>>> print(open('structure13.cif').read())   # mmCIF, C-alpha atoms
data_data
#
loop_
_atom_site.label_atom_id
_atom_site.label_comp_id
_atom_site.auth_asym_id
_atom_site.auth_seq_id
_atom_site.Cartn_x
_atom_site.Cartn_y
_atom_site.Cartn_z
CA GLY A 556 3.65 13.26 5.67
CA GLY A 557 0.90 15.11 3.89
CA THR A 558 2.78 15.14 0.57
CA PRO A 559 4.79 18.34 1.16
CA THR A 560 6.23 18.15 -2.37
CA ILE A 561 2.91 19.55 -3.58
CA LEU A 562 4.10 22.92 -2.21
CA PRO A 563 5.80 25.44 -4.52
CA LEU A 564 9.58 25.20 -4.37
CA SER A 565 9.96 28.33 -2.23
CA GLU A 566 7.43 27.12 0.35
CA LEU A 567 8.93 23.65 0.45
CA ALA A 568 12.37 25.20 1.01
CA ARG A 569 10.96 27.34 3.81
CA LEU A 570 9.46 24.27 5.51
CA LEU A 571 12.58 22.11 5.21
CA ASN A 572 14.93 24.90 6.27
CA PHE A 573 12.80 25.51 9.35
CA LEU A 574 13.05 21.81 10.24
CA THR A 575 16.84 21.88 9.93
CA GLU A 576 16.90 24.81 12.36
CA VAL A 577 14.96 23.01 15.08
CA VAL A 578 16.30 19.48 14.50
CA ASP A 579 19.84 18.31 13.81
CA VAL A 580 18.91 16.15 10.83
CA ARG A 581 22.47 14.79 10.68
CA GLN A 582 21.69 12.84 13.85
CA LEU A 583 18.55 11.27 12.47
CA GLU A 584 18.61 7.64 11.47
CA GLU A 585 16.08 8.43 8.77
CA PHE A 586 14.41 11.58 7.41
CA THR A 587 11.45 10.66 5.20
CA VAL A 588 9.33 12.93 3.04
CA GLU A 589 6.19 11.83 1.21
CA ALA A 590 5.86 12.71 -2.46
CA ASN A 591 3.36 12.40 -5.26
CA PRO A 592 4.95 11.35 -8.58
CA ALA A 593 3.49 14.42 -10.33
CA THR A 594 5.20 16.75 -7.87
CA VAL A 595 8.80 15.58 -8.19
CA ASP A 596 11.26 17.52 -10.35
CA ASP A 597 14.99 18.22 -10.39
CA GLU A 598 14.79 21.33 -8.22
CA LYS A 599 12.72 19.69 -5.53
CA ALA A 600 14.83 16.53 -5.53
CA GLU A 601 17.99 18.63 -5.13
CA LEU A 602 16.35 20.58 -2.30
CA LEU A 603 15.34 17.41 -0.49
CA VAL A 604 18.85 16.01 -0.54
CA SER A 605 20.48 19.33 0.43
CA THR A 606 18.27 19.60 3.52
CA GLY A 607 19.10 16.11 4.73
CA VAL A 608 16.19 14.04 3.46
CA SER A 609 17.40 10.44 3.24
CA ARG A 610 14.21 8.67 2.16
CA VAL A 611 11.29 9.55 -0.10
CA SER A 612 8.02 7.64 0.12
CA MET A 613 6.18 8.04 -3.15
CA GLY A 614 2.48 7.29 -3.54
CA ALA A 615 2.48 5.40 -6.82
CA GLN A 616 -0.70 3.50 -5.79
CA SER A 617 -1.35 1.96 -9.23
CA PHE A 618 0.07 1.81 -12.74
CA PHE A 619 -3.37 2.02 -14.37
CA PRO A 620 -4.98 5.39 -15.17
CA ASP A 621 -8.56 4.30 -14.46
CA GLU A 622 -7.59 3.07 -11.00
CA LEU A 623 -5.75 6.31 -10.26
CA ALA A 624 -8.80 8.23 -11.45
CA THR A 625 -10.99 6.29 -9.01
CA LEU A 626 -8.61 7.29 -6.22
CA GLU A 627 -8.59 10.90 -7.54
CA ARG A 628 -4.79 11.01 -7.67
CA LEU A 629 -2.88 13.87 -9.23
CA HIS A 630 -0.48 11.78 -11.24
CA SER A 631 -0.56 9.42 -14.20
CA PRO A 632 1.27 6.08 -14.48
CA GLU A 633 3.77 7.77 -16.81
CA ASP A 634 4.93 10.04 -13.97
CA ILE A 635 6.16 7.25 -11.71
CA ALA A 636 9.32 5.95 -13.39
CA PRO A 637 10.73 9.41 -14.28
CA SER A 638 10.16 10.57 -10.69
CA VAL A 639 12.04 7.57 -9.31
CA ALA A 640 14.88 8.27 -11.76
CA THR A 641 14.98 11.94 -10.76
CA LEU A 642 15.24 11.09 -7.06
CA ARG A 643 17.99 8.56 -7.75
CA ARG A 644 19.89 10.99 -9.95
CA HIS A 645 20.02 13.58 -7.18
CA GLY A 646 21.16 11.11 -4.55
CA VAL A 647 18.09 10.18 -2.51
CA GLY A 648 19.36 7.16 -0.62
CA GLN A 649 16.11 5.26 -0.03
CA ILE A 650 12.95 5.20 -2.12
CA ASN A 651 9.66 3.61 -1.14
CA LEU A 652 6.69 3.05 -3.45
CA ASP A 653 3.20 2.81 -1.99
CA LEU A 654 0.71 0.58 -3.80
CA ILE A 655 -3.00 0.08 -3.09
CA PHE A 656 -5.05 -3.03 -3.78
CA GLY A 657 -8.79 -3.49 -3.52
CA ILE A 658 -9.52 -0.43 -5.67
CA PRO A 659 -13.02 -0.49 -7.23
CA GLY A 660 -12.66 -1.89 -10.74
CA GLN A 661 -9.21 -3.33 -10.06
CA THR A 662 -8.62 -6.95 -11.05
CA LEU A 663 -6.13 -9.53 -9.87
CA GLU A 664 -4.34 -9.13 -13.21
CA THR A 665 -3.98 -5.33 -12.99
CA TRP A 666 -2.80 -5.63 -9.38
CA SER A 667 -0.21 -8.20 -10.43
CA GLN A 668 1.00 -5.88 -13.19
CA SER A 669 1.27 -2.93 -10.82
CA LEU A 670 3.35 -5.05 -8.45
CA ALA A 671 5.61 -6.19 -11.28
CA ARG A 672 6.13 -2.66 -12.61
CA ALA A 673 6.94 -1.37 -9.15
CA ILE A 674 9.49 -4.13 -8.63
CA ASP A 675 11.07 -3.37 -12.01
CA LEU A 676 11.81 0.19 -10.84
CA GLY A 677 14.08 -1.20 -8.12
CA PRO A 678 12.76 0.66 -5.06
CA ASP A 679 14.28 -0.06 -1.66
CA HIS A 680 10.87 -0.69 -0.18
CA ILE A 681 7.34 -1.37 -1.41
CA ALA A 682 4.40 -0.77 0.91
CA CYS A 683 1.15 -2.48 -0.09
CA TYR A 684 -2.12 -1.46 1.48
CA GLY A 685 -5.69 -2.65 1.19
CA LEU A 686 -7.90 0.30 0.25
CA PRO A 687 -9.55 1.69 3.40
CA TYR A 688 -12.92 3.41 3.38
CA GLU A 689 -12.36 6.10 5.98
CA PRO A 690 -15.31 7.99 7.51
CA GLY A 691 -15.90 11.43 6.04
CA THR A 692 -14.03 10.83 2.78
CA ARG A 693 -15.39 11.25 -0.74
CA LEU A 694 -14.67 7.60 -1.51
CA THR A 695 -16.74 6.42 1.42
CA ASP A 696 -19.54 8.79 0.47
CA MET A 697 -19.50 7.50 -3.12
CA ARG A 698 -19.66 3.93 -1.85
CA ARG A 699 -22.58 4.74 0.44
CA HIS A 700 -24.55 6.29 -2.43
CA GLY A 701 -23.77 3.45 -4.85
CA ARG A 702 -21.59 5.51 -7.19
CA ILE A 703 -18.74 3.02 -6.87
CA THR A 704 -18.77 -0.72 -6.27
CA PRO A 705 -16.18 -2.00 -3.77
CA CYS A 706 -13.79 -4.68 -4.89
CA ASP A 707 -15.13 -8.19 -4.39
CA GLU A 708 -13.92 -9.63 -1.08
CA ASP A 709 -12.68 -12.87 -2.66
CA VAL A 710 -10.73 -10.94 -5.29
CA GLU A 711 -9.22 -8.69 -2.62
CA ALA A 712 -8.15 -11.74 -0.62
CA ASP A 713 -6.51 -13.16 -3.75
CA MET A 714 -4.69 -9.83 -4.24
CA PHE A 715 -3.41 -10.07 -0.69
CA LEU A 716 -2.07 -13.58 -1.29
CA ARG A 717 -0.65 -12.61 -4.68
CA THR A 718 1.29 -9.83 -2.93
CA PHE A 719 3.01 -12.37 -0.71
CA ASP A 720 3.85 -14.67 -3.62
CA THR A 721 5.10 -11.92 -5.93
CA LEU A 722 7.29 -10.13 -3.41
CA GLU A 723 8.71 -13.38 -2.05
CA SER A 724 9.54 -14.51 -5.58
CA ALA A 725 11.31 -11.19 -6.17
CA GLY A 726 13.50 -11.81 -3.12
CA ALA A 727 11.92 -9.13 -0.96
CA GLU A 728 12.19 -9.23 2.82
CA LEU A 729 8.59 -9.13 3.98
CA ARG A 730 7.72 -7.18 7.11
CA PRO A 731 4.44 -7.26 9.04
CA ASN A 732 3.76 -3.52 9.01
CA LEU A 733 0.02 -3.16 8.40
CA LEU A 734 -0.52 -6.70 7.16
CA THR A 735 -1.80 -7.90 10.51
CA ASP A 736 -4.31 -5.05 10.63
CA TYR A 737 -5.39 -5.91 7.11
CA LEU A 738 -5.86 -9.55 8.02
CA TYR A 739 -8.05 -8.51 10.94
CA ASP A 740 -10.21 -6.34 8.69
CA LEU A 741 -10.40 -9.10 6.11
CA ALA A 742 -11.42 -11.63 8.73
CA LYS A 743 -14.23 -9.32 9.80
CA SER A 744 -15.44 -9.20 6.21
CA PHE A 745 -15.65 -13.01 6.29
CA SER A 746 -17.87 -12.86 9.38
CA ARG A 747 -20.53 -14.98 7.66
CA PHE A 748 -18.12 -17.92 7.83
CA TYR A 749 -17.68 -17.72 11.60
CA ASP A 750 -19.58 -19.44 14.36
CA LYS A 751 -18.43 -19.07 17.97
CA ARG A 752 -18.86 -22.76 18.68
CA LEU A 753 -17.90 -24.40 15.41
CA GLY A 754 -15.31 -21.87 14.26
CA VAL A 755 -16.44 -21.84 10.63
CA ARG A 756 -19.89 -21.71 9.11
CA VAL A 757 -21.20 -20.86 5.66
CA ILE A 758 -24.84 -20.12 5.03
CA ASP A 759 -26.36 -21.48 1.79
CA ALA A 760 -22.98 -22.49 0.40
CA SER A 761 -21.81 -25.58 -1.37
CA PRO A 762 -19.22 -27.91 0.25
CA GLU A 763 -16.70 -26.71 -2.32
CA SER A 764 -17.20 -23.03 -1.45
CA LEU A 765 -16.91 -23.91 2.25
CA ARG A 766 -13.64 -25.69 1.63
CA HIS A 767 -12.35 -22.82 -0.50
CA SER A 768 -13.21 -20.23 2.14
CA ARG A 769 -11.68 -22.24 4.97
CA LEU A 770 -8.49 -22.77 2.98
CA ARG A 771 -8.33 -19.07 2.14
CA LEU A 772 -8.66 -18.03 5.79
CA CYS A 773 -6.14 -20.63 6.90
CA ASP A 774 -3.68 -19.49 4.26
CA LEU A 775 -4.08 -15.81 5.12
CA THR A 776 -3.70 -16.49 8.84
CA ALA A 777 -0.73 -18.82 8.49
CA ARG A 778 1.18 -16.49 6.19
CA THR A 779 0.64 -13.44 8.36
CA LEU A 780 1.54 -15.22 11.59
CA ARG A 781 4.63 -16.73 9.97
CA LEU A 782 5.65 -13.29 8.76
CA GLY A 783 5.20 -11.75 12.20
CA LEU A 784 7.14 -14.50 13.94
CA SER A 785 9.93 -14.27 11.38
CA PHE A 786 10.18 -10.52 11.96
CA LEU A 787 10.64 -11.27 15.69
CA GLY A 788 13.40 -13.74 14.87
CA ILE A 789 11.34 -16.84 15.64
CA GLU A 790 11.75 -19.62 13.09
CA THR A 791 8.67 -21.64 12.13
#
>>> encode(input="structure13.cif", output="structure tokens")
Amino acid sequence: GGTPTILPLSELARLLNFLTEVVDVRQLEEFTVEANPATVDDEKAELLVSTGVSRVSMGAQSFFPDELATLERLHSPEDIAPSVATLRRHGVGQINLDLIFGIPGQTLETWSQSLARAIDLGPDHIACYGLPYEPGTRLTDMRRHGRITPCDEDVEADMFLRTFDTLESAGAELRPNLLTDYLYDLAKSFSRFYDKRLGVRVIDASPESLRHSRLRLCDLTARTLRLGLSFLGIET
């Protein structure tokens, strides 16, 4: 973790060689290193493979430059595909691409395109995360001072559902991972719809918006629970 590929080649080699001295990496089921697309080149890819790295998790995050700029990422969308190709060419066995939804300014359409472009690259795994606003980060500070506007909750929920649909259509095996945590956070954001006695309540909302919100929550809950049960081998 911590994107060690940002280190100069000599320092990265020093780190990985130290790890091979204290751990028999040949006995590991998996040896994963995080990478930023702008920090992958032939020399580093060769070094990773030679020191036993079997999986690279690359923080693609988005295929749109304005969204990457909001996240203050080092890379551009044009870096992602060549980096995947470089890792494949040097024999990295497993490649994961991280994607983030709920980025300020992101739309359902741009999220759908990022998903599609990631799938087209043929990674072995795609990890999709809702953007967190962690305490003490620049992003959270910008949000608090009104310099960025968080993604609309309804749009973010649609992105979550679109993720299910798109990956299922692509034949991906969905795993719970952080989806349950995301559902919990999303449910908290819909707190205005909850009433301890009645279960669902909307203040100053039309019957249609109430129906839409209830259906959204039901869909999110059902999909996540079904996914978790499937992962445990329980058919629904």
>>> resolve_selection(input="structure13.cif", expression="the PyMOL selection byres ((chain A and resi 682) around 12)", output="JSON, numbers by chain")
{"A": [612, 613, 614, 615, 616, 617, 650, 651, 652, 653, 654, 655, 656, 670, 673, 674, 678, 679, 680, 681, 683, 684, 685, 718, 719, 722, 727, 728, 729, 730, 731, 732, 733, 734]}
>>> closest_residue(input="structure13.cif", among="A:Ala624, A:Leu602, A:Leu676, A:Val608", to="A:Pro637", atoms="only C-alpha atoms")
A:Leu676
>>> atom_distance(input="structure13.cif", atom1="atom CA of A:Pro659", atom2="atom CA of A:Val588")
28.0 Å
>>> atom_distance(input="structure13.cif", atom1="atom CA of A:Arg693", atom2="atom CA of A:Leu623")
14.4 Å
>>> axis_aligned_box(input="structure13.cif", around="stretch 616-627 of chain A", padding_each_side="3 Å", output="lines of an AutoDock Vina configuration file")
center_x = -5.5
center_y = 6.4
center_z = -10.5
size_x = 17.1
size_y = 15.1
size_z = 15.4
>>> atom_distance(input="structure13.cif", atom1="atom CA of A:Asn572", atom2="atom CA of A:Arg628")
27.9 Å
>>> resolve_selection(input="structure13.cif", expression="the PyMOL selection byres ((chain A and resi 701-712) around 8)", output="short mmCIF file (atom, residue, chain, number, x, y, z; two decimals) with C-alpha atoms, keeping the file's coordinate frame")
data_model
loop_
_atom_site.label_atom_id
_atom_site.label_comp_id
_atom_site.auth_asym_id
_atom_site.auth_seq_id
_atom_site.Cartn_x
_atom_site.Cartn_y
_atom_site.Cartn_z
CA PHE A 656 -5.05 -3.03 -3.78
CA GLY A 657 -8.79 -3.49 -3.52
CA ILE A 658 -9.52 -0.43 -5.67
CA PRO A 659 -13.02 -0.49 -7.23
CA GLY A 660 -12.66 -1.89 -10.74
CA GLN A 661 -9.21 -3.33 -10.06
CA THR A 662 -8.62 -6.95 -11.05
CA LEU A 663 -6.13 -9.53 -9.87
CA GLY A 685 -5.69 -2.65 1.19
CA MET A 697 -19.50 7.50 -3.12
CA ARG A 698 -19.66 3.93 -1.85
CA ARG A 699 -22.58 4.74 0.44
CA HIS A 700 -24.55 6.29 -2.43
CA ASP A 713 -6.51 -13.16 -3.75
CA MET A 714 -4.69 -9.83 -4.24
CA PHE A 715 -3.41 -10.07 -0.69
CA LEU A 716 -2.07 -13.58 -1.29
CA LEU A 741 -10.40 -9.10 6.11
CA SER A 744 -15.44 -9.20 6.21
CA ARG A 771 -8.33 -19.07 2.14
#
>>> residues_around(input="structure13.cif", residues="A:Leu562", least_positions_apart="2", cutoff="12 Å", atoms="all atoms listed in the file", output="PyMOL selection string")
chain A and resi 557-560+564-571+589-591+593-595+599
>>> closest_residue(input="structure13.cif", among="A:Asp596, A:Glu584, A:Glu622, A:Gly648", to="A:Ser609", atoms="only C-alpha atoms")
A:Gly648
>>> closest_residue(input="structure13.cif", among="A:Leu603, A:Thr587, A:Thr625, A:Asp579", to="A:Leu694", atoms="only C-alpha atoms")
A:Thr625
>>> closest_residue(input="structure13.cif", among="A:Pro687, A:Gly646, A:Gly726, A:Pro632", to="A:Arg672", atoms="only C-alpha atoms")
A:Pro632
>>> decode(input="structure13.cif", residues="stretch 575-591 of chain A", atoms="N, CA, C and O atoms", output="CSV table (one decimal), in the first residue's frame")
chain,number,residue,atom,x,y,z
A,575,THR,N,12.0,-9.4,0.4
A,575,THR,CA,12.3,-10.7,0.0
A,575,THR,C,13.3,-11.4,1.0
A,575,THR,O,13.4,-12.6,1.1
A,576,GLU,N,14.0,-10.5,1.8
A,576,GLU,CA,15.0,-11.1,2.7
A,576,GLU,C,14.3,-11.5,4.0
A,576,GLU,O,14.7,-12.4,4.7
A,577,VAL,N,13.2,-10.8,4.4
A,577,VAL,CA,12.5,-11.2,5.6
A,577,VAL,C,11.2,-12.0,5.4
A,577,VAL,O,10.7,-12.6,6.4
A,578,VAL,N,10.8,-12.2,4.2
A,578,VAL,CA,9.6,-13.0,3.9
A,578,VAL,C,9.9,-13.9,2.7
A,578,VAL,O,10.5,-13.4,1.7
A,579,ASP,N,9.6,-15.1,2.7
A,579,ASP,CA,9.7,-16.0,1.6
A,579,ASP,C,8.5,-15.8,0.7
A,579,ASP,O,7.5,-16.4,0.8
A,580,VAL,N,8.7,-14.9,-0.3
A,580,VAL,CA,7.5,-14.5,-1.1
A,580,VAL,C,7.0,-15.6,-2.0
A,580,VAL,O,5.9,-15.6,-2.4
A,581,ARG,N,7.9,-16.6,-2.2
A,581,ARG,CA,7.4,-17.8,-3.0
A,581,ARG,C,6.3,-18.6,-2.3
A,581,ARG,O,5.6,-19.3,-2.9
A,582,GLN,N,6.2,-18.4,-1.0
A,582,GLN,CA,5.2,-19.1,-0.2
A,582,GLN,C,3.9,-18.3,-0.1
A,582,GLN,O,2.9,-18.8,0.5
A,583,LEU,N,3.9,-17.1,-0.6
A,583,LEU,CA,2.7,-16.3,-0.5
A,583,LEU,C,1.7,-16.6,-1.5
A,583,LEU,O,2.0,-16.9,-2.7
A,584,GLU,N,0.5,-16.6,-1.1
A,584,GLU,CA,-0.6,-16.9,-2.1
A,584,GLU,C,-0.7,-15.7,-3.0
A,584,GLU,O,-1.1,-15.8,-4.2
A,585,GLU,N,-0.5,-14.5,-2.5
A,585,GLU,CA,-0.6,-13.3,-3.3
A,585,GLU,C,0.4,-12.2,-2.7
A,585,GLU,O,0.5,-12.1,-1.5
A,586,PHE,N,1.0,-11.5,-3.6
A,586,PHE,CA,1.9,-10.4,-3.2
A,586,PHE,C,1.5,-9.2,-4.0
A,586,PHE,O,1.8,-9.1,-5.2
A,587,THR,N,0.8,-8.3,-3.4
A,587,THR,CA,0.2,-7.1,-4.1
A,587,THR,C,0.9,-5.8,-3.8
A,587,THR,O,1.3,-5.6,-2.7
A,588,VAL,N,1.1,-5.0,-4.9
A,588,VAL,CA,1.7,-3.7,-4.7
A,588,VAL,C,0.8,-2.7,-5.4
A,588,VAL,O,0.2,-3.0,-6.5
A,589,GLU,N,0.5,-1.6,-4.7
A,589,GLU,CA,-0.3,-0.5,-5.3
A,589,GLU,C,0.6,0.3,-6.2
A,589,GLU,O,1.8,0.5,-6.0
A,590,ALA,N,-0.1,0.8,-7.3
A,590,ALA,CA,0.6,1.6,-8.3
A,590,ALA,C,-0.3,2.8,-8.8
A,590,ALA,O,-1.5,2.6,-8.9
A,591,ASN,N,0.3,3.9,-9.1
A,591,ASN,CA,-0.3,5.0,-9.8
A,591,ASN,C,0.0,4.8,-11.3
A,591,ASN,O,1.2,4.5,-11.6
